[in-house]
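Read the structure below first, then the notes.
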Amino acid sequence: MKILCGVKRVEDPDQKIKVNPDGSWIALDGINYKPNPYDEIAVEEALRLKEAHGSGEVVVVSIGGEESVTEMRHAMAMGADRGILVKVSERVDSDAAARLLAKVVEREKPDLVILGRQAVDSDQGQTGQLLAEYLGWGQATFAAKFESLESEEEKAKKPGLQVQDGKVRVIREIDGGLEVLDVELPAVVTTELRLNHPRYASLPGIMKAKKKPVEELTPADLGVDVTPKVKIRKLSSPPERKAGIKVPDVATLVEKLRNEAKVI
Amino acid sequence: MNFELTEEQIALRDAARKFAREVIAPVAAKYDRTGEFPYEVISKGFELGLMNLTVPAEYGGLGLSKVDQVLVVEELAAGCVGIATSMGANDLALLPILIGGTPEQKERFVRPFTEKLRFASFCLTEPGAGSDAAGLSTTAVRDGDHYVLNGTKMWITNGGVAEQYTVFATVDKARGHKGITCFVVEGRPEGLGVGKPEDKLGQRASNTVQLTFDNVRVPVENRIGEEGDGWRIAMATLDQSRPMTAAFAVGVGRAAMEHAIAYAKERKQFGQPIANFQAIQFMLADMATELHAARLLTLEAAWLTDAGKRSTLVSSHAKRFAADTAMKVCTDAVQIFGGYGYSKEYPVEKLFRDAKLIQIYEGTSQIQRLVIARELLRG
Ligand SMILES: Cc1cc2nc3c(=O)[nH]c(=O)nc-3n(C[C@H](O)[C@H](O)[C@H](O)COP(=O)(O)OP(=O)(O)OC[C@H]3O[C@@H](n4cnc5c(N)ncnc54)[C@H](O)[C@@H]3O)c2cc1C
């Protein structure tokens with residue numbers, strides 16, 4: 001079983017983000033990066049499937065600059081077998097990313113593509129769906145699992161996706177519950193947070209990762225025009241929250257909620 | 001000169017940092033309180049390759065450099081230096097074998113530690129021989145193809161959980177340090193008594209016991225080096241292990257500084273965060289400078305060892321300065337926390353207790369100064 005996973009380098013969301021004065025983008029000075037957390041879950045799931053099947057290959061793909069190799073090395077330290085860097089100098093939009101990935105998929109011919117449901121940088125959440133559409137494949141988004149992440153199944157590192165008879169069974173998290181889908185392979189699956197706890201990269205894993213191959217491709221190699229279809233006009237910070245107030249009693253609270261906040 | 005870490009070193013450090021933050025730190029207070037041995041955490045660390053860091057690849061280890069080792073160890077210690085001490089004790093106990101052992105002995109006494117989680121202890125100190133380690137009086141008497149060991153070892157880290165002991169004993173007390181010989185004691189042979197865990201001030205997660213040797217028989221093949229090589233092996237071991245101990249100090253100091261910075265921004269007095277007061281700022285500034293200097297000394301000592309150069313002087317600089325710095329930083333961190341720093345509800349009093357030990361074990365701060373002065377006045 002061959003599985004392809006996306007691994008995007010994103011700004012670490014656990015830090016203070018400032019918008020450039022001209023609103024063009026966020027200030028990148030001194031910013032830390034990490035692999036998109038949803039992608040780590042995708043890689044973990046792929047590794048578990050490979051382990052459960054006793055054989056296979058997990059290939060990670062990143063679209064970005066040379067620096068993105070760091071995040072792919074992390075995935076390879078977790079256990080992925082090799083990497084493909086699609087080297088771009090500018091940010092690409094979700095549609096271009098999906099078209100680039102579609103071409104990589106055509107070359108690699110995986111049985112399954114697992115992507116994060118979204119990248120935590122710009123939270124577009126479209127690449128998986130667009131990719132399935134371009135490939136004409138079935139898709140299942142927001143893959144989760146029945147069992148809690150504190151359960152024995154999770155501790156035993158059982159995969160949440162079940163691959164059998166040319167199909168993948170996906171438990172989807174939807175409003176108010178879970179939905180079970182069987183999707184014919186090859187397919188595209190995107191991961192929800194409640195699919196697994198990704199493993200830590202081990203030190204031997206890190207040492208091995210540095211010797212694993214990373215192939216470099218360009219949009220030109222893949223014949224894809226990455227001119228953005230979506231243009232970001234302006235970023236701005238959310239307005240600062242005003243300080244709260246203390247009210248003397250419940251009556252005042254109700255009065256303020258009714259007349260000032262107009263919520264009741 | 002290049003201060004840049006390699007991409008791989010950054011990855012190793014970050015892996016250790018993540019483990020320390022997510023696995024060690026959340027249970028540090030619990031083990032400090034109970035004094036239980038943190039077997040579960042350590043076994044997770046072992047699975048990730050966070051132990052026996054410098055065992056060469058040919059004996060099944062990762063073969064990391066000393067520089068890699070101190071980068072990793074600082075992170076573990078920032079999570080809990082008691083747990084880091086117990087995780088690092090194998091590195092110390094296996095070093096004499098790596099330094100003075102034959103390939104066959106390394107195969108027999110080192111490789112098993114890379115295959116399964118096991119503990120080894122380094123046994124030098126005695127009730128009557130601490131700083132004056134050369135004055136040890138555990139005896140080893142040759143009897144056919146065995147030696148018979150008699151004596152007491154004190155303050156032995158992981159002694160209560162260990163399956164192998166690297167023991168220094170004298171074959172002839174009259175020969176002074178020239179009689180000291182190194183042995184590997186396997187398992188729990190007859191005559192080896194293991195005392196109750198010491199009830200310690202700090203680093204309470206690490207196991208520390210007294211060992212008694214009552215006619216313990218050790219095969220001749222378990223002697224590391226020749227009779228009388230023990231002192232040289234012990235000193236070479238400490239030269240190489242002091243950077244690790246210095247990294248413990250930098251780790252615990254850094255944890256205290258991080259807590260102090262967060263608290264100073266949060267705590268308000270006189271209508272403003274106490275971080276606005278210059279007196280607090282200067283304490284933080286000194287913490288940062290001194291920890292940075294301690295880290296650089298530690299890295300240099302590790303680098304010298306990697307380069308195969310004599311590291312005695314810089315290793316002692318690093319160990320002494322890092323230990324004293326950690327103690328000062330933790331004391332000031334308690335000060336910045338005020339009354340809350342004195343309470344077990346807050347994290348810094350533990351760090352303050354933990355840091356104290358680093359000025360004592362692996363040669364006290366006074367003994368480091370003695371070594372440094374001796375190096376300066378040599379020749
Ligand atoms: C928790 C813990 C774990 C330990 N783990 C190990 C271990 O795994 N293996 C092991 O072999 N040992 C271990 N030790 C022992 C440790 O290395 C010794 O405690 C240390 O070397 C000091 O010896 P001592 O306690 O006998 O103090 P002493 O040597 O009695 O020193 C008392 C005081 O006198 C000072 N002093 C002594 N001589 C001089 C001098 N010449 N000049 C100036 N000042 C001097 C010392 O600096 C100290 O302040 C451990 C100790 C502790 C507390």
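Note on naming: chains are A, B, ... as they come in the structure tokens, residues start from 1 per chain, ligands start from 1 in the order shown.
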
Contacts of region 118-132 of chain A at 8 Å (only C-alpha atoms; same-chain gap of 4+ positions) as a list in words: Lys8, Val10, Glu11, Pro13, Asn36, Pro37, Tyr38, Asp39, Ser94, Asp95, Ala97, Ala98, Arg99, Leu101, Ala102, Gly136, Trp137, Gly138, Gln139, Thr141, Ala187, Val188, Val189 and Thr190 of chain A

7 Å contacts from chain A to chain B using only C-alpha atoms, as a PyMOL selection string: chain A and resi 201-204+206

Take the selection from the previous step and output its residues with N, CA, C and O atoms, as a JSON list (two decimals), in the first residue's frame.
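See selection_7.json below for the written result:
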```
[["chain", "number", "residue", "atom", "x", "y", "z"],
["A", 201, "ALA", "N", 9.02, 12.10, 17.19],
["A", 201, "ALA", "CA", 10.17, 11.68, 16.40],
["A", 201, "ALA", "C", 11.20, 11.13, 17.37],
["A", 201, "ALA", "O", 11.51, 11.76, 18.36],
["A", 202, "SER", "N", 11.71, 9.92, 17.13],
["A", 202, "SER", "CA", 12.73, 9.37, 18.02],
["A", 202, "SER", "C", 14.11, 9.84, 17.56],
["A", 202, "SER", "O", 14.28, 10.25, 16.42],
["A", 203, "LEU", "N", 15.07, 9.77, 18.47],
["A", 203, "LEU", "CA", 16.42, 10.18, 18.09],
["A", 203, "LEU", "C", 16.99, 9.29, 16.98],
["A", 203, "LEU", "O", 17.55, 9.81, 16.00],
["A", 204, "PRO", "N", 16.84, 7.96, 17.08],
["A", 204, "PRO", "CA", 17.31, 7.14, 15.94],
["A", 204, "PRO", "C", 16.56, 7.51, 14.66],
["A", 204, "PRO", "O", 17.14, 7.51, 13.57],
["A", 206, "ILE", "N", 15.47, 10.44, 13.83],
["A", 206, "ILE", "CA", 16.05, 11.70, 13.32],
["A", 206, "ILE", "C", 17.35, 11.41, 12.57],
["A", 206, "ILE", "O", 17.62, 11.96, 11.51]]
```

Neighbourhood of ligand 1 at 6 Å, counting only C-alpha atoms and all ligand atoms, reported as a PyMOL selection string: chain B and resi 122-125+129-131+155-157+208+360-364+366-367

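Coordinates place CA of Phe146 (chain A) at a distance of 7.0 Å from CA of Ile171 (chain A).
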
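Of the residues listed (A:Ala144, A:Val92, A:Leu112, A:Ala251), A:Leu112 shows the shortest atom-to-atom separation from Lys50 (chain A); distances use only C-alpha atoms.
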
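Rounded to one decimal, CA of Ser206 (chain B) and CA of Lys356 (chain B) lie 14.1 Å from each other.
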
Selection near Thr181 (chain B), 12 Å with only C-alpha atoms, sequence-local residues under 2 positions removed, as a PyMOL selection string: chain B and resi 96+100+123-124+134+136-142+147+149+166-173+175-179+183-184+220+222-234

Backbone DSSP call of strand (DSSP E) for region 129-182 of chain B, listed as an MDAnalysis selection string: chainID B and resid 139:143 146:157 164:170 180:182

Could those selected residues go to a file with N, CA and C atoms, as a PDB file, in the first residue's frame?
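Now in again06.pdb:
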```pdb
ATOM      1  N   THR B 139      37.773  -2.768  49.250  1.00  0.00           N
ATOM      2  CA  THR B 139      38.926  -3.569  48.839  1.00  0.00           C
ATOM      3  C   THR B 139      38.539  -4.634  47.820  1.00  0.00           C
ATOM      4  N   ALA B 140      39.490  -4.967  46.979  1.00  0.00           N
ATOM      5  CA  ALA B 140      39.331  -6.046  46.006  1.00  0.00           C
ATOM      6  C   ALA B 140      40.529  -6.968  46.180  1.00  0.00           C
ATOM      7  N   VAL B 141      40.253  -8.179  46.601  1.00  0.00           N
ATOM      8  CA  VAL B 141      41.350  -9.122  46.843  1.00  0.00           C
ATOM      9  C   VAL B 141      41.247 -10.264  45.842  1.00  0.00           C
ATOM     10  N   ARG B 142      42.337 -10.519  45.155  1.00  0.00           N
ATOM     11  CA  ARG B 142      42.354 -11.570  44.140  1.00  0.00           C
ATOM     12  C   ARG B 142      42.245 -12.940  44.808  1.00  0.00           C
ATOM     13  N   ASP B 143      41.358 -13.767  44.252  1.00  0.00           N
ATOM     14  CA  ASP B 143      41.202 -15.129  44.767  1.00  0.00           C
ATOM     15  C   ASP B 143      40.977 -16.038  43.561  1.00  0.00           C
ATOM     16  N   HIS B 146      38.876 -14.902  40.458  1.00  0.00           N
ATOM     17  CA  HIS B 146      37.917 -13.898  40.920  1.00  0.00           C
ATOM     18  C   HIS B 146      38.608 -12.827  41.760  1.00  0.00           C
ATOM     19  N   TYR B 147      37.903 -11.726  41.951  1.00  0.00           N
ATOM     20  CA  TYR B 147      38.277 -10.766  42.989  1.00  0.00           C
ATOM     21  C   TYR B 147      37.155 -10.806  44.020  1.00  0.00           C
ATOM     22  N   VAL B 148      37.499 -10.541  45.269  1.00  0.00           N
ATOM     23  CA  VAL B 148      36.483 -10.493  46.325  1.00  0.00           C
ATOM     24  C   VAL B 148      36.393  -9.048  46.817  1.00  0.00           C
ATOM     25  N   LEU B 149      35.194  -8.469  46.691  1.00  0.00           N
ATOM     26  CA  LEU B 149      35.006  -7.056  47.040  1.00  0.00           C
ATOM     27  C   LEU B 149      34.365  -6.916  48.420  1.00  0.00           C
ATOM     28  N   ASN B 150      34.914  -5.985  49.203  1.00  0.00           N
ATOM     29  CA  ASN B 150      34.360  -5.665  50.515  1.00  0.00           C
ATOM     30  C   ASN B 150      34.387  -4.155  50.732  1.00  0.00           C
ATOM     31  N   GLY B 151      33.281  -3.612  51.218  1.00  0.00           N
ATOM     32  CA  GLY B 151      33.262  -2.173  51.502  1.00  0.00           C
ATOM     33  C   GLY B 151      31.870  -1.591  51.323  1.00  0.00           C
ATOM     34  N   THR B 152      31.775  -0.249  51.426  1.00  0.00           N
ATOM     35  CA  THR B 152      30.484   0.433  51.317  1.00  0.00           C
ATOM     36  C   THR B 152      30.578   1.582  50.325  1.00  0.00           C
ATOM     37  N   LYS B 153      29.581   1.703  49.457  1.00  0.00           N
ATOM     38  CA  LYS B 153      29.498   2.831  48.525  1.00  0.00           C
ATOM     39  C   LYS B 153      28.292   3.670  48.922  1.00  0.00           C
ATOM     40  N   MET B 154      28.437   4.969  48.775  1.00  0.00           N
ATOM     41  CA  MET B 154      27.437   5.904  49.312  1.00  0.00           C
ATOM     42  C   MET B 154      26.889   6.776  48.188  1.00  0.00           C
ATOM     43  N   TRP B 155      25.625   7.159  48.298  1.00  0.00           N
ATOM     44  CA  TRP B 155      25.014   8.113  47.352  1.00  0.00           C
ATOM     45  C   TRP B 155      25.050   7.593  45.921  1.00  0.00           C
ATOM     46  N   ILE B 156      24.653   6.351  45.718  1.00  0.00           N
ATOM     47  CA  ILE B 156      24.772   5.786  44.378  1.00  0.00           C
ATOM     48  C   ILE B 156      23.474   5.979  43.590  1.00  0.00           C
ATOM     49  N   THR B 157      23.565   6.842  42.568  1.00  0.00           N
ATOM     50  CA  THR B 157      22.406   7.146  41.739  1.00  0.00           C
ATOM     51  C   THR B 157      21.942   5.899  40.996  1.00  0.00           C
ATOM     52  N   GLN B 164      23.562  -3.377  36.899  1.00  0.00           N
ATOM     53  CA  GLN B 164      25.004  -3.461  36.680  1.00  0.00           C
ATOM     54  C   GLN B 164      25.663  -2.281  37.396  1.00  0.00           C
ATOM     55  N   TYR B 165      26.797  -2.567  38.030  1.00  0.00           N
ATOM     56  CA  TYR B 165      27.473  -1.541  38.818  1.00  0.00           C
ATOM     57  C   TYR B 165      28.926  -1.418  38.366  1.00  0.00           C
ATOM     58  N   THR B 166      29.344  -0.191  38.110  1.00  0.00           N
ATOM     59  CA  THR B 166      30.753   0.048  37.816  1.00  0.00           C
ATOM     60  C   THR B 166      31.388   0.504  39.129  1.00  0.00           C
ATOM     61  N   VAL B 167      32.244  -0.354  39.689  1.00  0.00           N
ATOM     62  CA  VAL B 167      32.709  -0.137  41.061  1.00  0.00           C
ATOM     63  C   VAL B 167      34.217   0.127  41.079  1.00  0.00           C
ATOM     64  N   PHE B 168      34.599   1.121  41.852  1.00  0.00           N
ATOM     65  CA  PHE B 168      36.018   1.408  42.041  1.00  0.00           C
ATOM     66  C   PHE B 168      36.438   0.912  43.422  1.00  0.00           C
ATOM     67  N   ALA B 169      37.464   0.085  43.439  1.00  0.00           N
ATOM     68  CA  ALA B 169      37.941  -0.494  44.699  1.00  0.00           C
ATOM     69  C   ALA B 169      39.463  -0.539  44.651  1.00  0.00           C
ATOM     70  N   THR B 170      40.084  -0.736  45.812  1.00  0.00           N
ATOM     71  CA  THR B 170      41.546  -0.756  45.821  1.00  0.00           C
ATOM     72  C   THR B 170      42.085  -2.179  46.011  1.00  0.00           C
ATOM     73  N   ILE B 180      43.876   1.815  42.930  1.00  0.00           N
ATOM     74  CA  ILE B 180      42.448   1.811  42.585  1.00  0.00           C
ATOM     75  C   ILE B 180      42.210   1.086  41.256  1.00  0.00           C
ATOM     76  N   THR B 181      41.207   0.225  41.274  1.00  0.00           N
ATOM     77  CA  THR B 181      40.930  -0.637  40.124  1.00  0.00           C
ATOM     78  C   THR B 181      39.431  -0.624  39.863  1.00  0.00           C
ATOM     79  N   CYS B 182      39.077  -0.735  38.587  1.00  0.00           N
ATOM     80  CA  CYS B 182      37.666  -0.627  38.192  1.00  0.00           C
ATOM     81  C   CYS B 182      37.095  -2.011  37.853  1.00  0.00           C
TER      82      CYS B 182
END
```

Nearest residue to Asp14 (chain A) from the set A:Ser237, A:Ser62, A:Asn32, A:Ser89 (distances using only C-alpha atoms): A:Asn32

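The shortest atom-to-atom distance to Pro198 (chain A), with only C-alpha atoms taken into account, belongs to A:Arg48 out of A:Arg91, A:Lys2, A:Lys167, A:Arg48.
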
Polymer residues at most 7 Å from Tyr59 (chain B), only C-alpha atoms, same-chain spacing of 6 or more positions, as a PyMOL selection string: chain B and resi 107+110-111

12 Å contact set for Lys157 (chain A), only C-alpha atoms, chain neighbours under 3 positions out, as a PyMOL selection string: chain A and resi 44-52+147+149-154+160-161+195-199

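For the pair CA of Leu94 (chain B) and CA of Leu117 (chain B), the interatomic distance is 13.9 Å.
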